[in-house]
Structures are given as structure tokens and as C-alpha cells.
Amino acid sequence: MKRRKWMGLCLLAAVILLAGLWLWRNYRREQTLVTPAALKEKYKNTDKGIALENTIYGVSKKQKFQYDFACDFSEFPVSVQEKLITVHTDRACREESRIITGFEIEKRENGSKITVYPIEQVMQTKSDRKKDTGWGSAPVYYIAIRFDRETKEARKLDKPCVIPFTLKTDSAVPKLSAEIGEDGVFRLVWSPVEGASEYRVYNYVTSEILSGGENAETEGARYGYKNGYLSYEGSTKETMFEGFSGGKKNEVLSTSHKNGKSFVIGENYNVQGEYYVTSVTNGKESVLSNAVGTSDLRLPREVKEDSDILYNRYQKVEELPLSVPVENIDGSVQERQVLYTFSEEIGVWGKKQPHYWYRIEGTGLTGYVVMEGDSGEHYPETVGAPSLNGGIVPEDRTDKVPQVQPKEGRGGEETVPSLDSDYYIQADSAAEEWLALNLIAGREKIYIGDFPELTEPDGLRSIFYQAYYQNPYIFGIEAFDCDYSTMTLEVAYLYSQRERERMRREMIKAAEEVVKAEGILSLGEEGRMKRLYDWLAGHCTYDREAFSKTRETSFQKSGADTYEYAHNAYGALVLGKGMCQAYTDAFLLLCHISGIEAAAVSGYMNQSLPHVWNMVRLGNEWYHIDVTNNKDTTGVPYYLFLAGERCAGELQYVTDGRAAGGTRREIGLAEDETKEYYASHGLVIQTAGDYLPLVETALKGNKEIPVIRRGSGVSEKDLVNGIRQVYTRSGKQNELENHTWQSVGKYFLVK
């Protein structure tokens, strides 16, 4: 009896000990804190950029800047003196972005004092042209100190010490952004300014654009705004503008059908360069807002003239082209899907004439075609299928040109919990890892004053989005804002921290089980990528309901959004459904666990729909992979798989800079296209004749005709004629009635 009692006590003690060890382990985990100093030490050898100091907000337009140097520069040649401190409009502070400034050097007992003041007025607004306005009205300026301030001898710094500054004005600066509707029309939208009587819109363009050249990137800030012209576009009392160069609603051209219905034949004709907005309060105009560029958007203009289908006549539905080449405002051309809706219109002689009204996806271009088939011909209600993409990101509510002076900071006092081994943080800088750790910890207020790059508005947004996209554990964020007076990033979440942590654990467990069950780690690098792609494409379904919901909100997050799962790895790995963000995050997490270096990329699919996809590293190059566009969602297997930069461009993938993924690393983007799925399988067709052997082989083996990718000179019509030739020679022309064909971008498939 005593022995049993003794054993029971021992067992109880063991349980208590194990429980204590578990509690101690978790307590220690919670107490393992990371400081900004530790992160800076971790990344000290990887920082090869400029040495940034905290931003100075809201200085006078005629502000002089003074800095003390231990070295006496008063006797140095002018050629050296004028390069001690320079002012730029671009944070890289290259010579081309330098603006003209005045300088004074005062000899001191312990060195010298250098004063820099404005001479060149950069980016003059309508109000600036009436008076001397010092620095001008550019959104941000950068002071570059190029010599050591502490040494008595002149020592040039390896990299300049850069101090950003913004200007104070009597009217607040609007937060400007672009809006591209489902009709492909470009509009400017901005936040309202209290008390503003009007808003003024400005356009910055280069002489090449003005003379009729392509709408190429102006890179105004990078060149000190010397390579272009700032013109006044007009004013409005609203917070939206689309009356570019003439006030004709974005220069949308339309014509009318005989029944009075109108349709659009062109749009975006006068959209070009970069746009800025100012506010006017009590007659005082603000400085320029942040810039909105148009060169990367590839906005649609019109159907290429020799391919225009307006008024065309067709005998059969199968003859309707499912895509047409559309010319963009920069002169580039891309294939866009055509969506048809059937209608019987009254003809000239009172006879009902079958028509298809069409809309070209991602544009506002519309029109109609006439069907001249037999009277008994069956015409489906719709022909063609819309694309299913649409990324969604946390709303950026930050002040893009802040003017408030910060209060005394609390630098060095902040900490954040470290993560256990289940997590893999992907970051390129101390500031990025700081944000990632805080966001994973669910912090609603994050102090950023210890990282100068986060005090600069552009740097803050860029690093926030990099952390958000490159770490699949960060999700459920509705919006973020910044209180520059306290240097605090404020984050609004859609889930509680407990709920997010539960979801993270479940998604990690699901990903680990996939890697184990599929034998991923036993495969070579390319084999692992393909196996992960195949699993995800086969086990995750595109959530069309969530797509419709997010499309209604123009792909913006809402506090009432019940489809957040569709935009993170939890949706894809645990629930088995989601949109492009879910596919991308899930693939990224699977790659992390499988030892594959991968990244996320954000941008546009067909230059109109927001989209995210992945890049993976092979050797010293990065390749594109898009799991979302697979056989189930588009009919095209491996739509973008191990593609280089040229192939991705031909398929109309365009990055938007928010998450450049591999492009921001020091290795190159792949130029090699031999690894791309269709190239490596001999499915890239340069002539219609190349397609015939593939059709014949499939027909003989009673197999599906393979999906192919068309070269630039191969038309859909030539491919259809080739199919008919092969079936006719084989005596199986009657079987063609059971087949339909479709173009999806550059791809051609037979069903």
C-alpha cells in the first residue's frame, strides 16, 4: 500500500515537473525579446545603401540647413566645398538628381559651419510662379552630407549620410492614388482636405512624350525634375479627376448604333507621365502630393486597327475571336479576352438579325458583330469567360507628405517577442524584420523611430508591403496608418491575435504534412517546385464567390469583409479555397518548408486586374511561377511556370513595385526560357504548320490535343484552319462539332 502511495506521489511529482518545464519553456519563449539594436547588428554587413537619418517634417520653404564639421573647410577649393553637402529630389542622391543650392562656410575655432540654402525652385505650382518660393513644391527632398562631421581631417564618407525633409504649407497635402475601373479607364482620387476650396491637378511629362513618343517612365525625381515639364491640368472641387487634357472625361471616344445604343471605340488617349494634386485653402496652395505614374499601367487605348472586330460578320459561333490585340497608351500591344452577349436586333428591312454585343475584358471597349448563319443556328447566350484574378492588400492610410514635427522619441526602449523555430522570417533589412516581428505579434501600435528608413513615408510603405508579402504568417490586416508626431505605426486587424495564432499553427501543420506526404524532400529542386505546384493546383479551388465580393469593393479591404481567408495561406492549405493571394502565400510557405528560396510578387495580370504570384530561385537567377492560373481556373496548365522575364512580359505580367520579390535581390532575373514549361515540352508554336503534327499525334492516340503557346506571328484563325485540315484528312471532320477552341492570352486550347 505504501509502495503504491509512493509511486503515486512520484507520478504526481513527474507530472508537476513536466507541466512546470512546459510553462517555463513558454515563459522563456515569451521573455525572449528582440531589440532594434540586435536587429541592426544582425544586418550590419548586408546594408550597402545610403546611411539614412530620421526625416525632418514641415520645414519652411526658405529653410536654411546648418551643420558643424570638425574639419576647417574654409580654405578648400570651391570644387570641393560645393560637394560637401548636396540636396536632391531622389533618395539615392545620385548626381543627376542634384538641385542647385547656395552654400556658405564659416570658419570656427573647432572646425567650420556649413550653411546650405535654396536657389533652384523645383516643381513650381501655379502659386509658386508668382513669387520666390525657396525650395519649390516637390513632395520630398534629401540632404546628402558627404564628409565625416567628426574628424579634423577631411574624410569623405563611403556612403553619404542622407536626411529627407518635407516642406510646410498652409494647406494640407492630399493623399493621391490612382483608380482603374473595370472599364480600364484611369482616374485620380485623393483624400479630402478640411477647408479646401479647390484641388489643382498637375501633369509632369518629358519632351519625348509631348512630341508624340511612347508613354515611358519619366523618373522625374531621379533626374531632379530637369528632364520634363510640370503643366497645370485643371482644378476641381471634387476628390476625383478624369478630365485629362481637354476635360472630355478622359478622352473616351464613342459612336452610336442605329438603335441608339452607344459603344466605346477608344479610351485613355491623353493619360501620360506622372500626376500630382495640391489643395487650396484660404487662397494658399499646398506643395505637390505624392506622384502617381502611368507608364507601368499599360492602360488600354484601342483595338489594333487591322484586328478590329467592330461590325464584323461571322457564319458560326466558333468563328468568333475570343481575344483581340489591344494597343496600350505606351504603344505596346496585348491580347485581351472578348466577352460576347447574344441579342436579336431588328435589321434594316424589319427582319430580326442575330447580333453579339461584345466587351473587351479589362477595358471599356465595346461594340457588336453580326451573325449570318442559318436561321436554325443555335446561339449561346454568352461566349467567352472572364479572367479570375484580383489581389487585395491592407489599405494604406498614411500621410504621404507629412508636415508634423515629431515629439521627443523613446528610441532604444522598444522590444518585440522573437519567434520559435516553426516560423521562417524573410527580410532583407533590420527595419523589415522589425515590422514583420511586430505584425506577427499582433501589435496595434509599432514604434518606428529607431529605424530612419521607416520615418520616410515612401520607405515606410515600401518596407511594410515587403514584410507583408514575403511572410505568409502576416495576414488579417485591414489597414495601416502612421502618427508621425509619435513615430508610431498604427495597424488595424480583422482577427484577434489568438485567432491569428491558431490559424498560423494550423497552416504550418498542414504545409508540413503536405511536404511529408508528397515526398518533397526526396526530389531535386525543380522536381520539388513542380510537385508543390501540382499539389496546390489540385487541392485548392479558386473562390469565385470571394472574387465577386472583392470585385464589388474594387479590390479594397473592408472591416466587414468575411472573405479574408481567401487572401491568405490558411484558405488554401486548410480550407482548400482562396484567391491569388491565398495560392501565393501557400506556395511561399510550402517552399520555405521544402528548402526552396522563393518570394512573392505583386502587380497586374493583363495590366488591369490586381494580381500576386511567386518567384523562385534556381542557381543565380529568379523565375516566375503562378499557381493561381492553372488548368482548373483558366483551362491552361502551367500558365506561368519557371518562366523568365521575357516570357512573363509577353504573358502581360507587370509588377507594381509593392512586392518586387526576387527583383530586389542582387542576383538577376532569368533570361533563360528553356526551363519554362511550354518551351521545355516543345509546345511553343512559331507557325501554324508547327501545330499540325501535335494535332495528328493526339488524334491517332485518341488523346486530348495539347494546349500550346502561340508565337507572335500565329493567329487563332490559322490554328483553327489547321485543326480542320487534320480532321478532314483523317475522315473525322464530323467530330469537330463536339469541339470548341479558345484563346487565353497567348495560349490556345481545344476542348
# chains A, B, ... in the order shown; residues from 1 in each chain; ligands from 1
>>> select_by_dssp(residues="region 464-610 of chain A", states="strand (DSSP E or B)", output="list in words")
Ile477, Glu478, Ala479, Phe480, Asp481, Cys482, Asp483, Thr488, Leu489, Glu490, Val491, Ala492, Tyr493, Thr541, Tyr542, Gln556, Lys577, Gly578, Ala598, Ala599, Ala600, Val601, Ser602, Gly603, Tyr604, Met605, Leu609 and Pro610 of chain A
>>> select_by_dssp(residues="region 136-251 of chain A", states="helix (DSSP H, G or I)", output="number ranges by chain")
A: 207-210, 221-223, 249-251
>>> residues_around(residues="Ile474 (chain A)", least_positions_apart="3", cutoff="10 Å", atoms="only C-alpha atoms", output="VMD selection string")
chain A and resid 436 to 442 467 to 471 477 500 504 568 to 569 585
>>> residues_around(residues="region 591-593 of chain A", least_positions_apart="2", cutoff="9 Å", atoms="only C-alpha atoms", output="JSON, numbers by chain")
{"A": [424, 508, 511, 512, 515, 528, 529, 532, 586, 587, 588, 589, 595, 596, 597, 598, 616]}
>>> atom_distance(atom1="CA of Tyr223 (chain A)", atom2="CA of Ile99 (chain A)")
9.2 Å
>>> residues_around(residues="Ala154 (chain A)", least_positions_apart="5", cutoff="8 Å", atoms="only C-alpha atoms", output="PDB file with all heavy atoms, in the first residue's frame")
ATOM      1  N   CYS A  71      36.380  69.517 -39.188  1.00  0.00           N
ATOM      2  CA  CYS A  71      37.400  69.937 -40.154  1.00  0.00           C
ATOM      3  C   CYS A  71      37.116  71.362 -40.632  1.00  0.00           C
ATOM      4  O   CYS A  71      35.957  71.739 -40.829  1.00  0.00           O
ATOM      5  CB  CYS A  71      37.428  68.976 -41.338  1.00  0.00           C
ATOM      6  SG  CYS A  71      38.585  69.431 -42.651  1.00  0.00           S
ATOM      7  N   PHE A  73      36.900  73.597 -43.508  1.00  0.00           N
ATOM      8  CA  PHE A  73      36.830  73.540 -44.971  1.00  0.00           C
ATOM      9  C   PHE A  73      36.911  74.931 -45.621  1.00  0.00           C
ATOM     10  O   PHE A  73      36.768  75.048 -46.832  1.00  0.00           O
ATOM     11  CB  PHE A  73      35.520  72.875 -45.400  1.00  0.00           C
ATOM     12  CG  PHE A  73      35.496  71.384 -45.185  1.00  0.00           C
ATOM     13  CD1 PHE A  73      34.807  70.834 -44.117  1.00  0.00           C
ATOM     14  CD2 PHE A  73      36.175  70.537 -46.047  1.00  0.00           C
ATOM     15  CE1 PHE A  73      34.779  69.463 -43.914  1.00  0.00           C
ATOM     16  CE2 PHE A  73      36.153  69.160 -45.856  1.00  0.00           C
ATOM     17  CZ  PHE A  73      35.458  68.617 -44.783  1.00  0.00           C
ATOM     18  N   PHE A 147      30.910  64.234 -46.230  1.00  0.00           N
ATOM     19  CA  PHE A 147      32.169  64.151 -45.484  1.00  0.00           C
ATOM     20  C   PHE A 147      31.879  63.946 -44.005  1.00  0.00           C
ATOM     21  O   PHE A 147      30.847  64.389 -43.480  1.00  0.00           O
ATOM     22  CB  PHE A 147      32.997  65.427 -45.690  1.00  0.00           C
ATOM     23  CG  PHE A 147      33.727  65.463 -47.007  1.00  0.00           C
ATOM     24  CD1 PHE A 147      33.050  65.738 -48.187  1.00  0.00           C
ATOM     25  CD2 PHE A 147      35.094  65.208 -47.068  1.00  0.00           C
ATOM     26  CE1 PHE A 147      33.713  65.768 -49.399  1.00  0.00           C
ATOM     27  CE2 PHE A 147      35.766  65.238 -48.277  1.00  0.00           C
ATOM     28  CZ  PHE A 147      35.076  65.515 -49.450  1.00  0.00           C
ATOM     29  N   ASP A 148      32.805  63.285 -43.338  1.00  0.00           N
ATOM     30  CA  ASP A 148      32.665  62.986 -41.918  1.00  0.00           C
ATOM     31  C   ASP A 148      32.637  64.292 -41.120  1.00  0.00           C
ATOM     32  O   ASP A 148      33.516  65.145 -41.267  1.00  0.00           O
ATOM     33  CB  ASP A 148      33.836  62.110 -41.460  1.00  0.00           C
ATOM     34  CG  ASP A 148      33.575  61.464 -40.111  1.00  0.00           C
ATOM     35  OD1 ASP A 148      32.950  62.115 -39.246  1.00  0.00           O
ATOM     36  OD2 ASP A 148      34.003  60.312 -39.913  1.00  0.00           O
TER      37      ASP A 148
END
